[in-house]
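Asks: Quick one: the structure is below, questions incoming.
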Amino acid sequence: MDIDRELNPEQARAVRQTEGPVLILAGAGSGKTRTIVYRMAYLLTEMKVAPWNILAVTFTNKAANEMKERIREMAGNAAGQMLVSTFHSACVRILYSNARKLGYPEKFEIADTTDQKSIIKNVYKKLQIDPKKQPEKMTLNIISGAKDELLSPEDFERVNYGDPYMERVAGIYREYQKTLFSNGMMDFDDLIMNTVRLFREFPDVLDHYQERFRYISVDEYQDTNTSQFELIRLLSDKYKNICVVGDDDQSIYRFRGANIYNILDFEKHFPGCCVVKLEENYRSTENILNAANAVIKHNSERKYKSLWTAGDKGERIRFRQLSDPTAEASFIADEIRTKKERGERSYGDFAILTRTNIQSKELEDALRVRSIEYDVVKGLRFWDTKVIKDLTSYLLTVDNALNDIRVIRIINLPKRGIGDASINKISVFAAANGLSFFDALSRIEYVGGVPAKAKAAIRDFYEMILRIRASSKNMGFSGTLNRILEETGYMDYLFMEAETPDRYKEEKEYIEKLRETLDAYENEAEEPDLTDFMRQNGLEGSNLDKEGGDSKDKVLIMTMHNAKGLEFPEVYMAGMEEGLFPGYAAINSEDPLAIEEERRLCYVGITRAKESLTLTAARSRMAKGEWRFASASRFIKEIPKELLNMSTTPEATERKEKIFPINREEAERAFERIPPAFSPGFKKRSIAAIKKGSEIEKVLPAYKEGDRVMHFKQGEGTVLSIRDGGRDYEVTVDFDKTGVRKMFAGFAKLKKI
DNA sequence: CACAGGTCTCTTTTT
DNA sequence: GAGACCTGTG
C-alpha cells in the first residue's frame, strides 16, 4: 500500500490520522469511499489494529457490503472480522444479547412499516380516535420524530406540556409503545433509541462495547439523526477514535430526522478534531461540476466547499421540455436507443433519475416498447410485500404465536368467516383475562357475542396451527412453509385474488424466493430460529431483482435518493418541474430549509453524472386527479446559461405558461392540443371532453402500407392497410408483440421507423 | 355479522 | 394503482 502515490495529499492525511476525532468533508466524487477503504486497510495492516476492534457504520446494506468487499480486497480476510454494518443492524446485534435488560424478550421482533400501521390502527380503535381528524401517518411521523430525539412517551408529554394537540399525540404514543412492548416488538427507531438507553442505564455494557469498538467510522454522517449521534458519541467517548465522513451538501434525509447540525457542528461536539476537506472531483466533467456548484450555492446552511476537477470541460448540460410525461419518456428512451445503436454507449451506461417512484411507470413503458433492457431500483421491498408478510406471519405464529399482530393478520386469511367484530371481541376478552390473542382462541366458547359459525372457524384455525406446529418439529422451515400452504389453501386464495395472471406468477416467485432464503439461512445458522431469521433479513432492503449480479447491461431507473453514492456516464434527470421537483410540499412549507433539502437532492442528482447530463421536464402532468401545467424547475434557472444547452429558455416557458388558460374548461380544451391520449392517468372526464369537443386533426399519415412503424404502447409493427374512415384515417397494423390492431391515425401517433 | 363490490383518496423521499 | 371506506346482500 503506497498511500502517497495512490492518494492525493488530503486523502493521505485522512488515512494517516487514525487517532482522535476526524471529520472528513468529502464532496461528491472526491474519492470518499476510496479514502475510507484505505484508512481501514491502514488501520489493519500498518497500525496492527485487531479487526474486531473496528466498527464501520453506513446507512444502507448495499453500502456496507460494498465497503466490506473493497476492504477485503485490500487487506485480506482479516477484514471479515470487522463489524461493517448499518446503524440498525449494528443495534440489533448489540440488543440481541441485551434485550432482556430492557425488559424485552430475547426473541424481540422488528416492527416494519406495515406492522406500525396495524398497531397504530389498534391504538386508534382502543382510544377511539378518528383517523380522519388525526391521520395515522402523521401520528407515526411525530412518534418517529420523538424517538429520533430520544424522547420517551413521558419525555414527549413533558416537553409538550400545555399543548393540547401534542398531549393527545403523547397519549397515542404511550399506547403505541405499550402495544409494541407487549408484543415484544421494536420499530426501526426503537432499535437505536433502546441501544442508547441500554448504554445509558448499564455503564458496564457501554464499557464493554467501548473496549470492543476502539476505532469507529461513520459514513454519510450528514444523514445521522440525534439518536444516532448520541449512539456513536457514547461508543467513542472512551477512546475518541471517531472518524466521520460526510458532505453537508448531500444531506437528504431530513424528513426522517437527519440533523444537519451533526456535521455542521462536529468541531464543537468533538473539540480538537482534525478536519480534512476533499474537494477535488474525480468523477464528472467541469461543466457538470460548475452546474452543481452553482445550484448548491443558493443554500445558506452549509460549509463552504467548491468542487473542482483537473479534467475536461465536457459537453454542456442539456435541458429539454416536452409536452407531457409520455413525450418526456419517449424523448429519453429514443436518445438512449440511438446512442446504443450508434455504438456510443451500452445500456448500463445510463441512469434515469426521478424525484418520486411513480414517475418510473411512464419511463418503463417507453423503454419496454423499444425493447431497451432496464431495471427499476424499487422502493417496494421484498419483506414488505403482502404475500411475504402473510407467510412470515404464519410461520411465526406456528413457531410461537406470541405476537398478536401477526395472529390477527392471518386469522381470517384466506377468508374463513371470521370478521372484524369477532376479532375485536376476542381482543377484549384476551386483554381482560391476561391472555395472548392466540391463547384466547382456545377458550373461544367463553367469548360472548361471536356467532357460532365464526366460533367453529376459529376452532378450526386454532387446531390447524397446532397441527402444523406439531408436524413442523421434524421438518425444516421450508417444509413447514409447504404445510402452511397446503393446509390453508393459500395458493388457491392467491390465484383467486390476483388481478392478473402475471400478478399471480409474480407472487409465486416471491414465495419461491422466501423458500430459498429460508433454506440458505437454515443451512448456515448454528441454531436456526425464525425470529432471528426475520431480524436478520427484515432489515435488509433487498431488492427483488438482484439475481444476475451487476454484470447486467441495463438502463437503471431510480429515485435520486436511491442514486446517492452511485455514478453513471450518462444521467437523465426527469421531471424537472416546479411542484414536482421541488415538490409542492417544499414550496408551500413555511420552513425555508425545506427547499434547501430539495436543492441538495438536486445536487446529488447532478453529481451522479460523469460525462453527460440531461435534464427534462414536462409542461403538463397529472397531479391530484387533474392535469396541471408546470414551469421548469427553479433549479434549472440556477444553472448559469453558458453551461446549458436548451431548446427553450425557462423564461420562454413561463411566458407560454401565462398564455395557458387557468379555469378547468379552458384547460381541458388546451389540453386537447397536447395529446397524451392513452396515458394511464387519463381520466374519464377528460376523454369525454375530448370526444365531445374536439375534432382530431385529419392528416394523411406519414407512413404507407408495408412500412414499419412504432406505437408507444404496442411497440413495433408493420402497416397492413390505411383506409379513410371519415373523421380520421383508419390504420391496420400487425404488431410484432400483440398482433393485428386497427386504430385511428390521429390517436395512434404512429411513427415511421 | 361477514363479505363482495363499489367509490374515493392520495402518492416524496427510507432504515 | 393501492388502500381505506361505504353500501347492499346473504
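Note on naming: chains are A, B, ... as they come in the C-alpha cells, residues start from 1 per chain, ligands start from 1 in the order shown.
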Might you pull out every residue within 8 Å of Ile71 of chain A, with only C-alpha atoms (C1' of nucleotides) counted and same-chain residues fewer than 5 positions away left off, and present them as a ChimeraX atom specification?
Replies: /A:37-38,40-41,76,79
Asks: Output as a list in words the set of chain C residues within 12 Å of chain A, with distances taken over only C-alpha atoms (C1' of nucleotides).
Replies: DG1, DA2, DA4 and DC5 of chain C
Asks: Those selected residues, please, written with N, CA and C atoms (P, O5', C5', C4', C3', O3' and C1' of nucleotides) and delivered as a PDB file, in the first residue's frame.
Replies:
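So the final result, stored in result12.pdb, reads:
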```pdb
ATOM      1  P    DG C   1     -51.595   0.335 -13.004  1.00  0.00           P
ATOM      2  O5'  DG C   1     -50.863   1.241 -11.904  1.00  0.00           O
ATOM      3  C5'  DG C   1     -50.121   0.673 -10.801  1.00  0.00           C
ATOM      4  C4'  DG C   1     -50.907   0.763  -9.543  1.00  0.00           C
ATOM      5  C3'  DG C   1     -51.952  -0.342  -9.338  1.00  0.00           C
ATOM      6  O3'  DG C   1     -51.787  -0.819  -8.028  1.00  0.00           O
ATOM      7  C1'  DG C   1     -52.867   1.717  -8.843  1.00  0.00           C
ATOM      8  P    DA C   2     -52.025  -2.243  -7.510  1.00  0.00           P
ATOM      9  O5'  DA C   2     -51.619  -2.127  -5.973  1.00  0.00           O
ATOM     10  C5'  DA C   2     -50.659  -1.159  -5.553  1.00  0.00           C
ATOM     11  C4'  DA C   2     -51.172  -0.471  -4.304  1.00  0.00           C
ATOM     12  C3'  DA C   2     -51.997  -1.382  -3.389  1.00  0.00           C
ATOM     13  O3'  DA C   2     -51.569  -1.192  -2.056  1.00  0.00           O
ATOM     14  C1'  DA C   2     -53.238   0.554  -3.919  1.00  0.00           C
ATOM     15  P    DA C   4     -55.250   0.029   4.247  1.00  0.00           P
ATOM     16  O5'  DA C   4     -56.398   1.113   4.472  1.00  0.00           O
ATOM     17  C5'  DA C   4     -56.052   2.503   4.538  1.00  0.00           C
ATOM     18  C4'  DA C   4     -57.306   3.323   4.351  1.00  0.00           C
ATOM     19  C3'  DA C   4     -58.441   2.946   5.302  1.00  0.00           C
ATOM     20  O3'  DA C   4     -59.049   4.129   5.799  1.00  0.00           O
ATOM     21  C1'  DA C   4     -59.190   2.790   3.063  1.00  0.00           C
ATOM     22  P    DC C   5     -60.226   4.015   6.834  1.00  0.00           P
ATOM     23  O5'  DC C   5     -61.476   4.124   5.865  1.00  0.00           O
ATOM     24  C5'  DC C   5     -61.743   5.356   5.190  1.00  0.00           C
ATOM     25  C4'  DC C   5     -63.052   5.205   4.454  1.00  0.00           C
ATOM     26  C3'  DC C   5     -64.212   4.732   5.340  1.00  0.00           C
ATOM     27  O3'  DC C   5     -65.294   5.632   5.196  1.00  0.00           O
ATOM     28  C1'  DC C   5     -64.068   3.433   3.361  1.00  0.00           C
TER      29       DC C   5
END
```
Asks: Contacts between chain B and chain A, please, where a residue of chain A counts if it comes within 9 Å (with only C-alpha atoms (C1' of nucleotides)); show its shortest atom pair and distance in Å to one decimal, rows by chain and ascending number, as CSV.
Replies:
```
residue,atom,partner,partner_atom,distance
A:Phe59,CA,B:DT15,C1',7.4
A:Thr60,CA,B:DT15,C1',7.4
A:Thr86,CA,B:DT15,C1',8.3
A:Phe87,CA,B:DT15,C1',8.3
A:His88,CA,B:DT15,C1',6.7
A:Phe188,CA,B:DT15,C1',6.7
A:Asp189,CA,B:DT15,C1',8.7
A:Ile252,CA,B:DT13,C1',8.1
A:Tyr253,CA,B:DT13,C1',7.4
A:Phe255,CA,B:DT13,C1',7.6
A:Arg256,CA,B:DT14,C1',7.8
A:Arg355,CA,B:DT12,C1',7.3
A:Thr356,CA,B:DT12,C1',5.9
A:Asn357,CA,B:DT12,C1',8.4
A:Ile358,CA,B:DT11,C1',7.5
A:Gly379,CA,B:DT14,C1',8.4
A:Gly417,CA,B:DA2,C1',6.1
A:Ile418,CA,B:DA2,C1',7.3
A:Gly419,CA,B:DA2,C1',5.9
A:Asp420,CA,B:DA2,C1',8.8
A:Ala421,CA,B:DC1,C1',7.5
A:Ser422,CA,B:DC1,C1',8.5
A:Val450,CA,B:DC1,C1',8.8
A:Pro451,CA,B:DC1,C1',7.6
A:Leu539,CA,B:DT15,C1',7.2
A:Glu540,CA,B:DT15,C1',8.6
A:Gly541,CA,B:DT15,C1',8.2
A:Thr559,CA,B:DT13,C1',8.2
A:Met560,CA,B:DT13,C1',8.5
A:His561,CA,B:DT13,C1',6.5
A:Gly583,CA,B:DT12,C1',7.8
A:Ala585,CA,B:DT12,C1',8.8
A:Lys624,CA,B:DC10,C1',7.4
```
Asks: Would you mind writing down, as a PyMOL selection string, each residue of segment 137-255 of chain A that DSSP on the backbone assigns to strand (DSSP E)?
Replies: chain A and resi 185-187+215-218+242-246
Asks: Can those selected residues be exported to a file as a PDB file, in the first residue's frame so that it contains C-alpha atoms?
Replies:
```
ATOM      1  CA  MET A 185     -41.544  -5.664  19.174  1.00  0.00           C
ATOM      2  CA  MET A 186     -39.283  -2.736  18.414  1.00  0.00           C
ATOM      3  CA  ASP A 187     -39.784  -0.439  15.475  1.00  0.00           C
ATOM      4  CA  TYR A 215     -11.968   2.646  16.151  1.00  0.00           C
ATOM      5  CA  ILE A 216     -15.259   3.845  14.799  1.00  0.00           C
ATOM      6  CA  SER A 217     -16.116   5.344  11.478  1.00  0.00           C
ATOM      7  CA  VAL A 218     -19.415   6.647  10.225  1.00  0.00           C
ATOM      8  CA  ILE A 242     -14.118   8.585  15.777  1.00  0.00           C
ATOM      9  CA  CYS A 243     -13.897   9.318  12.111  1.00  0.00           C
ATOM     10  CA  VAL A 244     -16.938  10.677  10.350  1.00  0.00           C
ATOM     11  CA  VAL A 245     -17.233  11.164   6.636  1.00  0.00           C
ATOM     12  CA  GLY A 246     -19.878  13.203   5.009  1.00  0.00           C
TER      13      GLY A 246
END
```
Asks: Taking 6 positions as the minimum chain separation for residues in the same chain, which residues sit within 10 Å of segment 265-272 of chain A when counting only C-alpha atoms (C1' of nucleotides)? Answer as a PDB file with N, CA, C and O atoms, in the first residue's frame.
Replies:
```
ATOM      1  N   GLY A  20      -7.918   9.964  17.470  1.00  0.00           N
ATOM      2  CA  GLY A  20      -8.702  11.151  17.781  1.00  0.00           C
ATOM      3  C   GLY A  20      -9.822  11.384  16.788  1.00  0.00           C
ATOM      4  O   GLY A  20      -9.950  10.658  15.801  1.00  0.00           O
ATOM      5  N   PRO A  21     -10.664  12.395  17.056  1.00  0.00           N
ATOM      6  CA  PRO A  21     -11.795  12.673  16.165  1.00  0.00           C
ATOM      7  C   PRO A  21     -11.338  13.261  14.834  1.00  0.00           C
ATOM      8  O   PRO A  21     -10.477  14.143  14.804  1.00  0.00           O
ATOM      9  N   VAL A  22     -11.928  12.778  13.786  1.00  0.00           N
ATOM     10  CA  VAL A  22     -11.600  13.268  12.446  1.00  0.00           C
ATOM     11  C   VAL A  22     -12.892  13.532  11.680  1.00  0.00           C
ATOM     12  O   VAL A  22     -13.811  12.711  11.707  1.00  0.00           O
ATOM     13  N   LEU A  23     -12.937  14.686  11.055  1.00  0.00           N
ATOM     14  CA  LEU A  23     -14.082  14.988  10.191  1.00  0.00           C
ATOM     15  C   LEU A  23     -13.583  15.078   8.758  1.00  0.00           C
ATOM     16  O   LEU A  23     -12.724  15.901   8.447  1.00  0.00           O
ATOM     17  N   TYR A 221     -22.285  10.812   7.269  1.00  0.00           N
ATOM     18  CA  TYR A 221     -22.546  11.368   8.591  1.00  0.00           C
ATOM     19  C   TYR A 221     -23.600  12.467   8.558  1.00  0.00           C
ATOM     20  O   TYR A 221     -24.304  12.695   9.542  1.00  0.00           O
ATOM     21  N   ARG A 233     -21.566   8.912  19.849  1.00  0.00           N
ATOM     22  CA  ARG A 233     -20.858   9.721  20.840  1.00  0.00           C
ATOM     23  C   ARG A 233     -20.533   8.852  22.063  1.00  0.00           C
ATOM     24  O   ARG A 233     -19.411   8.845  22.561  1.00  0.00           O
ATOM     25  N   ASP A 237     -16.738   7.598  23.300  1.00  0.00           N
ATOM     26  CA  ASP A 237     -16.396   8.514  24.382  1.00  0.00           C
ATOM     27  C   ASP A 237     -15.110   8.129  25.115  1.00  0.00           C
ATOM     28  O   ASP A 237     -14.429   8.971  25.678  1.00  0.00           O
ATOM     29  N   LYS A 240     -12.183   7.969  21.811  1.00  0.00           N
ATOM     30  CA  LYS A 240     -12.292   9.166  20.957  1.00  0.00           C
ATOM     31  C   LYS A 240     -11.734   8.971  19.554  1.00  0.00           C
ATOM     32  O   LYS A 240     -11.373   9.940  18.886  1.00  0.00           O
ATOM     33  N   ILE A 242     -12.899   8.555  16.557  1.00  0.00           N
ATOM     34  CA  ILE A 242     -14.118   8.585  15.777  1.00  0.00           C
ATOM     35  C   ILE A 242     -13.877   9.357  14.488  1.00  0.00           C
ATOM     36  O   ILE A 242     -13.441  10.494  14.504  1.00  0.00           O
ATOM     37  N   VAL A 244     -15.686  10.566  11.087  1.00  0.00           N
ATOM     38  CA  VAL A 244     -16.938  10.677  10.350  1.00  0.00           C
ATOM     39  C   VAL A 244     -16.674  11.255   8.967  1.00  0.00           C
ATOM     40  O   VAL A 244     -15.836  12.121   8.792  1.00  0.00           O
TER      41      VAL A 244
END
```
Asks: Write down as a ChimeraX atom specification the residues of segment 508-654 of chain A whose backbone DSSP state falls under helix (DSSP H, G or I).
Replies: /A:508-524,530-538,549-551,560-563,584-588,592-606,634-637,641-643,650-654
Asks: Suppose we keep C-alpha atoms; can you now write the selection as a compact mmCIF listing (two decimals), in the first residue's frame?
Replies:
```txt
# COMPACT_ATOMS: atom_id res chain seq x y z
CA LYS A 508 -45.39 -17.34 -6.78
CA GLU A 509 -41.87 -16.13 -7.45
CA TYR A 510 -41.89 -14.22 -4.17
CA ILE A 511 -42.78 -17.41 -2.34
CA GLU A 512 -40.04 -19.29 -4.14
CA LYS A 513 -37.60 -16.62 -3.10
CA LEU A 514 -38.76 -16.82 0.50
CA ARG A 515 -38.19 -20.56 0.41
CA GLU A 516 -34.68 -20.10 -0.94
CA THR A 517 -33.83 -17.54 1.71
CA LEU A 518 -35.18 -19.81 4.43
CA ASP A 519 -33.14 -22.74 3.14
CA ALA A 520 -29.99 -20.69 2.87
CA TYR A 521 -30.41 -19.42 6.41
CA GLU A 522 -31.13 -22.86 7.81
CA ASN A 523 -28.01 -24.26 6.23
CA GLU A 524 -25.80 -21.51 7.61
CA LEU A 530 -37.36 -17.90 12.80
CA THR A 531 -37.35 -14.77 14.92
CA ASP A 532 -33.65 -14.46 14.33
CA PHE A 533 -34.20 -15.10 10.64
CA MET A 534 -36.66 -12.25 10.46
CA ARG A 535 -34.39 -9.88 12.32
CA GLN A 536 -31.50 -10.62 10.04
CA ASN A 537 -33.44 -10.35 6.85
CA GLY A 538 -36.19 -7.92 7.67
CA GLY A 549 -25.29 -9.67 -10.28
CA ASP A 550 -24.18 -6.26 -11.51
CA SER A 551 -22.88 -7.52 -14.82
CA MET A 560 -32.42 10.40 -6.61
CA HIS A 561 -32.41 9.19 -3.04
CA ASN A 562 -31.55 5.74 -4.27
CA ALA A 563 -28.86 7.08 -6.55
CA TYR A 584 -45.39 21.28 -3.63
CA ALA A 585 -44.81 20.37 -0.03
CA ALA A 586 -41.43 22.05 -0.01
CA ILE A 587 -42.63 25.09 -1.95
CA ASN A 588 -45.58 25.65 0.36
CA PRO A 592 -37.20 27.78 4.13
CA LEU A 593 -34.97 24.79 4.84
CA ALA A 594 -37.44 22.55 3.04
CA ILE A 595 -36.41 23.99 -0.32
CA GLU A 596 -32.79 23.69 0.67
CA GLU A 597 -33.24 19.98 1.17
CA GLU A 598 -34.73 19.65 -2.31
CA ARG A 599 -31.82 21.61 -3.67
CA ARG A 600 -29.36 19.26 -2.02
CA LEU A 601 -31.21 16.40 -3.62
CA CYS A 602 -30.80 18.13 -6.96
CA TYR A 603 -27.11 18.50 -6.22
CA VAL A 604 -26.89 14.79 -5.51
CA GLY A 605 -28.62 14.06 -8.81
CA ILE A 606 -26.37 16.31 -10.87
CA ARG A 634 -36.18 26.79 -10.33
CA PHE A 635 -33.09 24.63 -10.16
CA ILE A 636 -32.76 24.87 -13.93
CA LYS A 637 -32.74 28.63 -13.66
CA LYS A 641 -26.92 29.90 -19.10
CA GLU A 642 -23.48 29.36 -20.56
CA LEU A 643 -23.46 25.86 -19.12
CA PRO A 650 -37.10 28.69 -18.76
CA GLU A 651 -38.33 32.26 -19.28
CA ALA A 652 -39.93 31.35 -22.58
CA THR A 653 -41.70 28.55 -20.82
CA GLU A 654 -43.03 30.95 -18.28
```
Asks: Please list as a PDB file with N, CA and C atoms, in the first residue's frame every residue within 10 Å of Lys238 of chain A, counting only C-alpha atoms (C1' of nucleotides) and excluding residues in the same chain fewer than 2 positions away.
Replies:
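Listing of selection.pdb after writing:
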```pdb
ATOM      1  N   LEU A 206     -21.971  -0.509  28.274  1.00  0.00           N
ATOM      2  CA  LEU A 206     -21.346   0.523  27.448  1.00  0.00           C
ATOM      3  C   LEU A 206     -19.834   0.324  27.417  1.00  0.00           C
ATOM      4  N   ASP A 207     -19.280   0.109  28.602  1.00  0.00           N
ATOM      5  CA  ASP A 207     -17.834  -0.062  28.693  1.00  0.00           C
ATOM      6  C   ASP A 207     -17.361  -1.237  27.839  1.00  0.00           C
ATOM      7  N   GLN A 210     -17.365  -0.092  24.335  1.00  0.00           N
ATOM      8  CA  GLN A 210     -16.317   0.907  24.100  1.00  0.00           C
ATOM      9  C   GLN A 210     -14.963   0.220  23.923  1.00  0.00           C
ATOM     10  N   GLU A 211     -14.740  -0.797  24.756  1.00  0.00           N
ATOM     11  CA  GLU A 211     -13.497  -1.557  24.638  1.00  0.00           C
ATOM     12  C   GLU A 211     -13.445  -2.320  23.324  1.00  0.00           C
ATOM     13  N   PHE A 213     -15.161  -1.659  20.416  1.00  0.00           N
ATOM     14  CA  PHE A 213     -15.046  -0.819  19.214  1.00  0.00           C
ATOM     15  C   PHE A 213     -14.150   0.386  19.477  1.00  0.00           C
ATOM     16  N   ARG A 214     -12.866   0.186  19.331  1.00  0.00           N
ATOM     17  CA  ARG A 214     -11.941   1.283  19.643  1.00  0.00           C
ATOM     18  C   ARG A 214     -11.782   2.253  18.491  1.00  0.00           C
ATOM     19  N   ARG A 233     -21.566   8.912  19.849  1.00  0.00           N
ATOM     20  CA  ARG A 233     -20.858   9.721  20.840  1.00  0.00           C
ATOM     21  C   ARG A 233     -20.533   8.852  22.063  1.00  0.00           C
ATOM     22  N   LEU A 234     -21.530   8.103  22.528  1.00  0.00           N
ATOM     23  CA  LEU A 234     -21.319   7.235  23.686  1.00  0.00           C
ATOM     24  C   LEU A 234     -20.248   6.191  23.396  1.00  0.00           C
ATOM     25  N   LEU A 235     -20.376   5.567  22.237  1.00  0.00           N
ATOM     26  CA  LEU A 235     -19.444   4.486  21.909  1.00  0.00           C
ATOM     27  C   LEU A 235     -17.998   4.974  21.807  1.00  0.00           C
ATOM     28  N   SER A 236     -17.835   6.197  21.317  1.00  0.00           N
ATOM     29  CA  SER A 236     -16.479   6.676  21.070  1.00  0.00           C
ATOM     30  C   SER A 236     -15.940   7.481  22.250  1.00  0.00           C
ATOM     31  N   LYS A 240     -12.183   7.969  21.811  1.00  0.00           N
ATOM     32  CA  LYS A 240     -12.292   9.166  20.957  1.00  0.00           C
ATOM     33  C   LYS A 240     -11.734   8.971  19.554  1.00  0.00           C
ATOM     34  N   ASN A 241     -11.641   7.717  19.147  1.00  0.00           N
ATOM     35  CA  ASN A 241     -11.188   7.483  17.779  1.00  0.00           C
ATOM     36  C   ASN A 241     -12.412   7.393  16.871  1.00  0.00           C
TER      37      ASN A 241
END
```
Asks: Counting only C-alpha atoms (C1' of nucleotides), what is within 10 Å of Thr397 of chain A, bar same-chain residues fewer than 5 positions away, as a list of chain:residue names?
Replies: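 Using only C-alpha atoms (C1' of nucleotides), the neighbours found are A:Leu391, A:Thr392, A:Leu402, A:Asn403, A:Asp404, A:Ile405, A:Arg406, A:Val407, A:Ile408, A:Ile410, A:Phe438, A:Ile465, A:Leu466, A:Arg469.
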Asks: Just the number, please: distance in Å from atom CA of Met573 of chain A to atom CA of Arg254 of chain A, one decimal.
Replies: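 Computing it gives 21.6 Å between the two atoms.
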Asks: Set the distance at 9 Å and use only C-alpha atoms (C1' of nucleotides): which residues neighbour Leu556 of chain A once local chain neighbours fewer than 6 positions away are removed? I'd like the list as a PyMOL selection string.
Replies: chain A and resi 347-353+373-377
Asks: Would you work out the distance separating atom CA of Ser612 of chain A from atom CA of Glu570 of chain A, expressed in Å to one decimal?
Replies: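 One can read the atom CA of Ser612 of chain A to atom CA of Glu570 of chain A distance as 4.7 Å.
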Asks: Quick one, how far is atom CA of Ser631 of chain A from atom CA of Ala291 of chain A?
Replies: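 Going from atom CA of Ser631 of chain A over to atom CA of Ala291 of chain A covers 19.7 Å.
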Asks: Give me the residues within 10 Å of Ala78 of chain A as a CSV table (one decimal) with N, CA and C atoms, in the first residue's frame, counting only C-alpha atoms (C1' of nucleotides) and dropping any in the same chain fewer than 6 places off.
Replies:
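What follows is the written file part_16.csv:
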```csv
chain,number,residue,atom,x,y,z
A,41,ALA,N,-7.8,-0.3,5.8
A,41,ALA,CA,-6.7,-1.2,5.5
A,41,ALA,C,-5.5,-0.7,6.2
A,44,LEU,N,-5.6,-1.8,9.8
A,44,LEU,CA,-5.4,-3.2,10.0
A,44,LEU,C,-3.9,-3.6,9.7
A,45,THR,N,-3.4,-3.2,8.6
A,45,THR,CA,-2.1,-3.7,8.2
A,45,THR,C,-0.9,-2.9,8.8
A,50,ALA,N,-6.6,-4.8,15.8
A,50,ALA,CA,-7.3,-6.0,15.6
A,50,ALA,C,-8.6,-5.7,14.9
A,51,PRO,N,-9.0,-6.6,13.9
A,51,PRO,CA,-10.2,-6.3,13.1
A,51,PRO,C,-11.5,-6.1,14.0
A,52,TRP,N,-11.6,-6.9,15.0
A,52,TRP,CA,-12.8,-6.8,15.8
A,52,TRP,C,-12.9,-5.6,16.7
A,71,ILE,N,-12.6,-3.5,1.3
A,71,ILE,CA,-11.5,-3.7,2.3
A,71,ILE,C,-10.9,-5.1,2.2
A,72,ARG,N,-11.8,-6.0,2.0
A,72,ARG,CA,-11.2,-7.4,1.9
A,72,ARG,C,-10.2,-7.5,0.8
```
